[in-house]
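Peer 1: Would you mind keeping the following structure in view while I ask a few things?
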Amino acid sequence: MSFQRVPEPKAGKNRVHLDLVVDDVDEASTRVEGLGGRRRDDHDFHEHGFSWRRMADPEGNEFCLVFGVQETVGRTRHGA
C-alpha cells in the first residue's frame with residue numbers, strides 16, 4: 001500500500017478508513033508520530049476481542065492501529 005500527496009486539503013469525512021494490525025502498538029504509534037501523525041484520543045478502545053488506537057496522518061486522515069487480536073480470528077498480517 002502506498003499514499004500519494006496531493007495539493008488539496010482534506011475535505012469532509014474520510015471515504016476510506018484503514019485498520020492496520022500491529023504487534024506492538026506503542027512502537028507503531030511512535031513510528032506514526034515520528035512521521036508527523038498523531039493520536040486522536042488519550043485512550044485505547046477494546047471491544048469484541050479487539051483493541052485499537054485511533055491515529056491520524058499529518059493532514060487529519062484517520063486510521064486505526066489494531067492490536068491484541070485473538071489468534072483464533074483468521075487474518076493476514078503485513079505489519080505496520
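Each chain in the C-alpha cells gets a letter, A, B and so on, in the order shown; residues start at 1 in every chain, and ligands are counted from 1 in the order they appear.
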Which residues are close to Pro58 (chain A), i.e. within 10 Å by only C-alpha atoms, leaving aside same-chain residues fewer than 4 positions away? Reply as a VMD selection string.
Peer 2: chain A and resid 32 to 33 35 to 38 62
Peer 1: Name the residues of chain A that come out as alpha helix (DSSP H) in a backbone DSSP run; write them as a PyMOL selection string.
Peer 2: chain A and resi 25-34
Peer 1: Rounded to one decimal, what separation in Å do you get between CA of Val66 (chain A) and CA of Val21 (chain A)?
Peer 2: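 About the pair CA of Val66 (chain A) and CA of Val21 (chain A): they are 4.6 Å apart.
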Peer 1: From a DSSP pass on the backbone, collect the residues of chain A flagged as strand (DSSP E or B) and hand them back as a list of chain:residue names.
Peer 2: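 Put together, the selection reads A:Leu18, A:Asp19, A:Leu20, A:Val21, A:Arg38, A:Arg39, A:Phe45, A:His46, A:Glu47, A:Phe50, A:Ser51, A:Trp52, A:Arg53, A:Arg54, A:Met55, A:Ala56, A:Glu62, A:Phe63, A:Cys64, A:Leu65, A:Val66, A:Phe67.
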Peer 1: Using the selection just defined, write its residues with N, CA, C and O atoms as a tab-separated table (two decimals), in the first residue's frame.
Peer 2:
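Result file selection-v7.tsv:
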chain	number	residue	atom	x	y	z
A	18	LEU	N	-8.61	2.91	7.24
A	18	LEU	CA	-7.73	1.76	7.35
A	18	LEU	C	-7.61	1.28	8.78
A	18	LEU	O	-7.53	2.09	9.70
A	19	ASP	N	-7.61	-0.03	8.97
A	19	ASP	CA	-7.28	-0.66	10.23
A	19	ASP	C	-6.02	-1.47	9.98
A	19	ASP	O	-6.03	-2.40	9.16
A	20	LEU	N	-4.92	-1.12	10.63
A	20	LEU	CA	-3.64	-1.79	10.44
A	20	LEU	C	-3.33	-2.64	11.66
A	20	LEU	O	-3.23	-2.11	12.77
A	21	VAL	N	-3.17	-3.95	11.49
A	21	VAL	CA	-2.85	-4.85	12.59
A	21	VAL	C	-1.36	-4.74	12.88
A	21	VAL	O	-0.53	-4.87	11.97
A	38	ARG	N	-0.47	11.73	14.55
A	38	ARG	CA	-0.78	11.95	15.97
A	38	ARG	C	-1.87	10.98	16.43
A	38	ARG	O	-2.61	10.42	15.62
A	39	ARG	N	-1.96	10.83	17.75
A	39	ARG	CA	-3.07	10.07	18.35
A	39	ARG	C	-4.31	10.93	18.35
A	39	ARG	O	-4.24	12.14	18.55
A	45	PHE	N	-9.30	1.68	22.64
A	45	PHE	CA	-10.64	1.11	22.62
A	45	PHE	C	-10.53	-0.41	22.64
A	45	PHE	O	-9.61	-0.98	22.06
A	46	HIS	N	-11.48	-1.08	23.29
A	46	HIS	CA	-11.47	-2.54	23.43
A	46	HIS	C	-12.91	-3.03	23.27
A	46	HIS	O	-13.80	-2.59	23.98
A	47	GLU	N	-13.09	-3.95	22.31
A	47	GLU	CA	-14.44	-4.47	22.09
A	47	GLU	C	-14.36	-5.74	21.24
A	47	GLU	O	-13.59	-5.81	20.28
A	50	PHE	N	-11.03	-7.32	20.30
A	50	PHE	CA	-10.08	-6.48	19.57
A	50	PHE	C	-9.75	-5.25	20.41
A	50	PHE	O	-10.55	-4.78	21.20
A	51	SER	N	-8.56	-4.71	20.16
A	51	SER	CA	-8.17	-3.44	20.76
A	51	SER	C	-7.63	-2.57	19.63
A	51	SER	O	-7.00	-3.07	18.70
A	52	TRP	N	-7.91	-1.27	19.70
A	52	TRP	CA	-7.39	-0.39	18.67
A	52	TRP	C	-7.12	0.99	19.24
A	52	TRP	O	-7.64	1.40	20.26
A	53	ARG	N	-6.22	1.67	18.53
A	53	ARG	CA	-5.82	3.04	18.87
A	53	ARG	C	-6.09	3.90	17.64
A	53	ARG	O	-5.60	3.61	16.55
A	54	ARG	N	-6.87	4.96	17.82
A	54	ARG	CA	-7.17	5.85	16.70
A	54	ARG	C	-6.02	6.82	16.49
A	54	ARG	O	-5.55	7.46	17.41
A	55	MET	N	-5.59	6.91	15.24
A	55	MET	CA	-4.49	7.78	14.86
A	55	MET	C	-4.94	8.65	13.69
A	55	MET	O	-6.00	8.42	13.09
A	56	ALA	N	-4.12	9.64	13.35
A	56	ALA	CA	-4.38	10.48	12.18
A	56	ALA	C	-3.05	10.81	11.52
A	56	ALA	O	-2.03	10.96	12.20
A	62	GLU	N	-7.94	9.80	9.32
A	62	GLU	CA	-7.93	8.85	10.44
A	62	GLU	C	-7.68	7.42	9.99
A	62	GLU	O	-8.06	7.02	8.89
A	63	PHE	N	-7.04	6.66	10.87
A	63	PHE	CA	-6.85	5.22	10.70
A	63	PHE	C	-6.66	4.63	12.08
A	63	PHE	O	-6.45	5.36	13.06
A	64	CYS	N	-6.74	3.32	12.19
A	64	CYS	CA	-6.58	2.67	13.50
A	64	CYS	C	-5.43	1.68	13.47
A	64	CYS	O	-5.19	1.00	12.47
A	65	LEU	N	-4.72	1.61	14.59
A	65	LEU	CA	-3.74	0.57	14.83
A	65	LEU	C	-4.45	-0.48	15.67
A	65	LEU	O	-4.88	-0.20	16.79
A	66	VAL	N	-4.59	-1.68	15.15
A	66	VAL	CA	-5.31	-2.76	15.82
A	66	VAL	C	-4.27	-3.67	16.46
A	66	VAL	O	-3.29	-4.06	15.83
A	67	PHE	N	-4.49	-4.03	17.73
A	67	PHE	CA	-3.54	-4.87	18.44
A	67	PHE	C	-4.28	-5.82	19.36
A	67	PHE	O	-5.48	-5.67	19.60
Peer 1: Mind pulling up the distance from CA of Ser2 (chain A) to CA of Ser29 (chain A)?
Peer 2: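 Between CA of Ser29 (chain A) and CA of Ser2 (chain A) the gap works out to 18.2 Å.
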Peer 1: As a list in words, please: the residues near region 7-10 of chain A (cut-off 8 Å, only C-alpha atoms, same-chain neighbours under 4 positions excluded).
Peer 2: Glu59, Gly60 and Asn61 of chain A
Peer 1: Store the residues picked out above, limited to C-alpha atoms, as a PDB file, in the first residue's frame.
Peer 2:
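After the write, result_28.pdb holds the following:
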ATOM      1  CA  GLU A  59      -3.499  16.067   7.324  1.00  0.00           C
ATOM      2  CA  GLY A  60      -6.023  14.588   9.753  1.00  0.00           C
ATOM      3  CA  ASN A  61      -6.983  11.433   7.822  1.00  0.00           C
TER       4      ASN A  61
END
